[in-house]
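One structure below.
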Amino acid sequence: MQAADLPLIRTVSRPAVHPDGTWAVVSVTRPDLEADAVVGQLWRVPLVSTSSTSEATPTRLTRGFRDTEPRFSPDGALVAFLRAAPQAAPQLWVLPVAGGEAVQVTDRTLGVSGFRWSPDGKRLAFLSREPEAGRYGSVEGIAPAAEGPRRITEWSWTRNGLGYHRDRPQHVYLVDVPDVAAEPVVQPVATAQGPAEPRPTVREPRRLTTDDVDHSGIAFTPDGASIAVLAEREQGAGQVGRSILRVLPLAAGAAGGGSEVELGTLGPQAVAFGPGGELYVLAQDHGPDGKDFVARNAALYVLSAWADPAPRRLTDPETQELGHEPVPLADGGVLLVLASRGTQQVVHVADDGVTTQLTSGDVVVTDIGVGVGAGGGTIAVSYGDPGSYGEVGVVADGAIRRRTDFSAPLRAAGVVTPTELTVTGRDGYPVHGWVAVPEGTGTHPTLLMIHGGPYSSYGVGLFDETQVLVDAGYAVVYCNPRGSAGYGQAHGRTIKQAMGTVDLHDVLDFLDGAVAADGRLDGSRVGVLGGSYGGYLTAWTIAHDHRFAGAVVERGFLDPETFFGTSDIGSFFGLEYVGEKPEQVAAQSPQAVAGQVTTPTLVLHSELDLRCPLSQAERYYSTLKGHGVETELVVFPGENHELSRSGRPRHRQQRFEILLDWWKRYLPVA
């Protein structure tokens with residue numbers, strides 16, 4: 001795979017399974033270099049096949065610029081989805097399954113970000129940001145620079161990828177589903193008496209939430225009389241941001257605030273109602289002071305009814321890392337995604353807490369769908385594996401039966417399957433990871449790649465970063481050192497207020513072990529690179545180990561002292577990870593030891609990165625420059641912390657080209 005092959009990467013959404021369980025609808029999106037945007041449409045995928053291994057033949061269902069997030073109505077007659085035109089915010093549409101054109105449901109200034117069907121299929125609840133008057137284009141002629149000042153009193157006021165959010169809170173709205181068989185709206189023209197009054201093309205929604213804070217996680221009660229929402233709560237000093245759970249009655253004239261569900265120290269992340277009215281909540285326990293977030297896994301809780309004051313924990317967060325919105329089944333329990341050692345599997349959690357793993361092997365399940373009326377009989381997933389970036393499969397007999405092959409063009413361009421490796425570190429700790437080596441004979445210069453997070457992980461799925469570097473002739477080694485996710489909380493919490501200690505040892509020991517295990521890796525010609533926390537550990541590594549011919553420090557957490565008050569998570573992240581005392585911070589700060597660096601270093605950052613602000617890179621680069629280090633600072637305009645994953649396609653291609661140019665200069669392939 002090369003940088004120009006980015007358009008071959010297909011990302012597959014959550015499968016919307018038809019109630020009869022025989023087919024699903026997914027959104028398939030891809031980066032388009034000519035449009036310089038992510039484009040995609042909805043596809044129909046048969047889930048039933050005469051063969052247990054053969055792929056079905058998907059067919060394109062829509063032809064919008066970017067159509068995403070399909071969901072079937074309860075009776076299966078309509079598919080609702082989000083459609084975005086070029087340079088425009090996504091709006092909610094519905095498409096009749098029997099045939100016909102899609103009908104627009106919303107026309108929101110800042111678009112729609114998520115939605116759910118009511119149980120009777122007559123209404124849609126959706127999330128949308130409400131701009132303060134005069135901001136974000138809500139008043140024609142008022143440019144961003146002419147907007148009024150923002151008066152800030154909270155600990156958090158920006159979000160990476162969004163910017164300021166307090167003056168455009170995300171609310172929950174309710175709207176009637178349009179009649180897709182009705183006459184289309186035709187606009188009248190002017191008469192001799194004057195211009196005609198425009199007719200509305202969409203129905204006016206009703207706002208359900210009242211507090212001017214961000215809301216998320218909407219879920220209807222089984223009877224459709226109420227809706228659960230997650231409402232952002234104000235942070236205290238040093239506290240991690242979290243939400244409260246409210247249930248809002250939908251009857252006209254009902255109290256807007258609803259009822260708060262008491263969850264104690266839990267921070268809810270996702271909610272869902274079971275068919276009997278039980279409420280499932282995926283939540284982290286942040287402790288009595290609201291600060292204990294480092295390597296804390298979410299656990300699944302259940303309340304027999306939403307007013308139940310005693311949530312019952314069903315899973316063990318110490319050993320189980322669960323994610324995804326709970327998917328309730330008609331016969332009890334829910335489906336979730338379990339992350340483990342670089343894989344993501346589907347699990348069923350029963351109401352008594354018994355967890356059953358439904359898939360296995362080298363797969364990364366990203367989303368789950370079941371038919372509304374399928375009773376759990378058909379479980380479809382979107383997933384990746386070492387040869388596929390995103391596919392649709394059916395869960396059966398403990399495995400995933402693939403039903404698509406959207407990644408076939410990418411494999412045809414050439415991909416390498418990494419080899420799994422576990423290395424015993426200097427203190428006896430096992431370090432788990434992978435090694436990817438170019439085809440052919442001879443030895444190859446070797447790159448040590450370090451992931452972000454730190455409570456994140458590399459996995460078994462096809463990874464464009466690895467593939468592009470291997471195609472250029474580099475062996476790539478990457479692992480999940482202590483501090484990573486997917487190996488239990490104890491593994492992740494080891495580096496709390498001890499960053500740059502055992503995590504440094506683990507990545508270096510894995511590099512040494514990989515070189516010793518495979519003669520094709522040239523241990524005398526090595527480089528190191530990483531982004532975010534990976535940028536932190538890269539910068540820390542080259543200050544303490546000078547074997548590397550070059551380094552790339554990307555979007556790094558480099559200066560914990562100035563991170564506080566500038567990052568969108570700066571009010572709490574560094575305080576828990578590196579501590580509060582000046583001597584603690586200095587002992588774990590790459591900026592504090594930047595004067596020890598001699599390795600040629602490329603510092604790569606995005607202009608609008610609010611997670612690790614640009615000042616982190618600018619100060620680090622200037623320090624290296626002042627100490628005579630060969631260095632270069634590259635800044636991508638208009639991009640945020642997610643440049644390498646969801647940035648503009650041309651910027652993503654240019655980023656790869658810059659990386660390869662750097663390695664060609666300082667670690668050339670023979």
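The way I read the labels, and the way they are meant: chains A, B, ... in the order of the structure tokens, residue 1 as the first residue of every chain, and ligand 1 as the first ligand shown, with later ones counted on from there.
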
Within range 450-593 of chain A, find each residue whose DSSP state, derived from the backbone, is strand (DSSP E or B), and express the selection as a PyMOL selection string. chain A and resi 450+475-479+521-531+550-554

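Proximity to Gly236 in chain A at 9 Å, evaluated using only C-alpha atoms and with sequence-adjacent residues fewer than 4 positions away removed, yields A:Glu154, A:Trp155, A:Val240, A:Gly241, A:Gly290.
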
Go ahead and write the selection's residues with C-alpha atoms as a compact mmCIF listing (two decimals), in the first residue's frame.
```txt
# COMPACT_ATOMS: atom_id res chain seq x y z
CA GLU A 154 -16.16 26.53 33.38
CA TRP A 155 -13.11 24.25 33.46
CA VAL A 240 -12.69 14.18 34.56
CA GLY A 241 -15.64 15.30 32.46
CA GLY A 290 -14.37 12.20 40.37
```

Using only C-alpha atoms, the residue out of A:Gly595, A:Pro649, A:Leu248, A:Met449 with shortest distance to His627 in chain A is A:Gly595

Nearest-residue call for Cys479 in chain A, choices A:Ala3, A:Ala237, A:Val185, A:Leu511, using only C-alpha atoms: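 Going through A:Ala3, A:Ala237, A:Val185, A:Leu511 one by one, the smallest distance to Cys479 in chain A is for A:Leu511.
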
Quick one: residues within 8 Å of range 347-352 of chain A, only C-alpha atoms counted, chain neighbours fewer than 5 positions away excluded, as a list of chain:residue names?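 The contact residues come out as A:Val302, A:Leu314, A:Thr315, A:Gly332, A:Gly333, A:Val334, A:Leu335, A:Leu336, A:Val337, A:Leu338, A:Gln357, A:Leu358, A:Thr359.
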
Those residues you just picked out, can you put them in a file as a PDB file, in the first residue's frame with N, CA, C and O atoms?
```pdb
ATOM      1  N   VAL A 302     -27.004  -2.791  35.347  1.00  0.00           N
ATOM      2  CA  VAL A 302     -28.403  -2.917  34.979  1.00  0.00           C
ATOM      3  C   VAL A 302     -29.267  -2.442  36.136  1.00  0.00           C
ATOM      4  O   VAL A 302     -28.939  -2.654  37.313  1.00  0.00           O
ATOM      5  N   LEU A 314     -22.688  -5.988  36.347  1.00  0.00           N
ATOM      6  CA  LEU A 314     -22.709  -7.310  35.726  1.00  0.00           C
ATOM      7  C   LEU A 314     -21.339  -7.777  35.251  1.00  0.00           C
ATOM      8  O   LEU A 314     -21.153  -8.981  35.039  1.00  0.00           O
ATOM      9  N   THR A 315     -20.395  -6.871  35.050  1.00  0.00           N
ATOM     10  CA  THR A 315     -19.085  -7.255  34.517  1.00  0.00           C
ATOM     11  C   THR A 315     -17.967  -6.733  35.404  1.00  0.00           C
ATOM     12  O   THR A 315     -18.168  -5.817  36.215  1.00  0.00           O
ATOM     13  N   GLY A 332     -33.162 -11.584  26.449  1.00  0.00           N
ATOM     14  CA  GLY A 332     -32.438 -11.193  27.648  1.00  0.00           C
ATOM     15  C   GLY A 332     -30.972 -10.900  27.411  1.00  0.00           C
ATOM     16  O   GLY A 332     -30.336 -11.453  26.511  1.00  0.00           O
ATOM     17  N   GLY A 333     -30.434 -10.003  28.241  1.00  0.00           N
ATOM     18  CA  GLY A 333     -29.027  -9.654  28.144  1.00  0.00           C
ATOM     19  C   GLY A 333     -28.749  -8.701  26.993  1.00  0.00           C
ATOM     20  O   GLY A 333     -29.650  -8.265  26.271  1.00  0.00           O
ATOM     21  N   VAL A 334     -27.467  -8.379  26.830  1.00  0.00           N
ATOM     22  CA  VAL A 334     -27.061  -7.438  25.790  1.00  0.00           C
ATOM     23  C   VAL A 334     -25.802  -7.949  25.099  1.00  0.00           C
ATOM     24  O   VAL A 334     -25.077  -8.790  25.615  1.00  0.00           O
ATOM     25  N   LEU A 335     -25.553  -7.387  23.921  1.00  0.00           N
ATOM     26  CA  LEU A 335     -24.311  -7.614  23.199  1.00  0.00           C
ATOM     27  C   LEU A 335     -23.408  -6.409  23.386  1.00  0.00           C
ATOM     28  O   LEU A 335     -23.860  -5.260  23.366  1.00  0.00           O
ATOM     29  N   LEU A 336     -22.108  -6.659  23.558  1.00  0.00           N
ATOM     30  CA  LEU A 336     -21.107  -5.617  23.689  1.00  0.00           C
ATOM     31  C   LEU A 336     -19.848  -6.053  22.956  1.00  0.00           C
ATOM     32  O   LEU A 336     -19.744  -7.194  22.494  1.00  0.00           O
ATOM     33  N   VAL A 337     -18.879  -5.146  22.877  1.00  0.00           N
ATOM     34  CA  VAL A 337     -17.582  -5.457  22.278  1.00  0.00           C
ATOM     35  C   VAL A 337     -16.551  -5.550  23.390  1.00  0.00           C
ATOM     36  O   VAL A 337     -16.455  -4.655  24.244  1.00  0.00           O
ATOM     37  N   LEU A 338     -15.779  -6.624  23.401  1.00  0.00           N
ATOM     38  CA  LEU A 338     -14.726  -6.855  24.386  1.00  0.00           C
ATOM     39  C   LEU A 338     -13.370  -6.705  23.714  1.00  0.00           C
ATOM     40  O   LEU A 338     -13.078  -7.395  22.724  1.00  0.00           O
ATOM     41  N   GLN A 357     -18.400 -15.266  25.093  1.00  0.00           N
ATOM     42  CA  GLN A 357     -17.766 -14.705  23.905  1.00  0.00           C
ATOM     43  C   GLN A 357     -18.315 -15.401  22.669  1.00  0.00           C
ATOM     44  O   GLN A 357     -18.312 -16.624  22.568  1.00  0.00           O
ATOM     45  N   LEU A 358     -18.789 -14.612  21.711  1.00  0.00           N
ATOM     46  CA  LEU A 358     -19.451 -15.153  20.527  1.00  0.00           C
ATOM     47  C   LEU A 358     -18.559 -15.200  19.295  1.00  0.00           C
ATOM     48  O   LEU A 358     -18.939 -15.807  18.290  1.00  0.00           O
ATOM     49  N   THR A 359     -17.403 -14.538  19.342  1.00  0.00           N
ATOM     50  CA  THR A 359     -16.466 -14.570  18.220  1.00  0.00           C
ATOM     51  C   THR A 359     -15.070 -14.848  18.753  1.00  0.00           C
ATOM     52  O   THR A 359     -14.825 -14.812  19.962  1.00  0.00           O
TER      53      THR A 359
END
```

Need the shell around Val437 in chain A: protein/DNA/RNA residues with any atom at most 7 Å away, counting only C-alpha atoms. Skip same-chain ones fewer than 5 positions apart. Format as a PyMOL selection string? chain A and resi 470+474-476

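Of the residues under consideration (A:Ile379, A:Asp464, A:Ser456, A:Gln489), A:Gln489 shows the shortest atom-to-atom contact distance to Ala298 in chain A when counting only C-alpha atoms.
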
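Counting only C-alpha atoms, the residue from A:Val202, A:Lys122, A:Pro590, A:Ile569 that sits nearest to Gln235 in chain A is A:Ile569.
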
Å distance separating CA of His171 in chain A from CA of Val281 in chain A, one decimal place: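 Separation of CA of His171 in chain A and CA of Val281 in chain A: 20.3 Å.
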
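For Gly527 in chain A, the set of protein, DNA and RNA residues having any atom at most 9 Å away, when counting only C-alpha atoms and skipping those fewer than 6 positions along the same chain, is A:Pro445, A:Thr446, A:Leu447, A:Leu448, A:Met449, A:Arg547, A:Phe548, A:Ala549, A:Gly550, A:Ala551, A:Val552, A:Trp663, A:Tyr666, A:Leu667.
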
Which of A:Pro311, A:Gly565, A:Asp509, A:Gly556 sits closest to Trp157 in chain A [using only C-alpha atoms]: A:Gly565

Do you have the CA of Asp292 in chain A-CA of Lys581 in chain A distance handy?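 According to the coordinates, CA of Asp292 in chain A and CA of Lys581 in chain A are separated by 17.6 Å.
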
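Nearest-residue note for Arg233 in chain A: choosing from A:Leu604, A:Ala339, A:Leu245, A:Ala89, the minimum distance belongs to A:Leu245, counting only C-alpha atoms.
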
Could you tell me how far CA of Val38 in chain A lies from CA of Asn160 in chain A, in Å and to one decimal? 18.9 Å

Please provide the set of residues having any atom within 10 Å of Leu162 in chain A, restricted to only C-alpha atoms, with same-chain residues fewer than 4 positions apart removed, written as number ranges by chain. A: 158, 608, 610, 640

Put those residues in a file: N, CA and C atoms, as a PDB file, in the first residue's frame.
```
ATOM      1  N   THR A 158     -13.526  24.018  25.256  1.00  0.00           N
ATOM      2  CA  THR A 158     -13.259  23.618  23.874  1.00  0.00           C
ATOM      3  C   THR A 158     -13.189  22.098  23.783  1.00  0.00           C
ATOM      4  N   LEU A 608      -4.909  23.194  14.378  1.00  0.00           N
ATOM      5  CA  LEU A 608      -6.088  23.297  15.238  1.00  0.00           C
ATOM      6  C   LEU A 608      -6.186  22.150  16.234  1.00  0.00           C
ATOM      7  N   LEU A 610      -6.492  20.747  19.497  1.00  0.00           N
ATOM      8  CA  LEU A 610      -6.859  21.223  20.827  1.00  0.00           C
ATOM      9  C   LEU A 610      -6.619  20.179  21.905  1.00  0.00           C
ATOM     10  N   ASN A 640      -6.852  18.973  13.013  1.00  0.00           N
ATOM     11  CA  ASN A 640      -6.843  18.808  14.459  1.00  0.00           C
ATOM     12  C   ASN A 640      -6.065  17.556  14.849  1.00  0.00           C
TER      13      ASN A 640
END
```
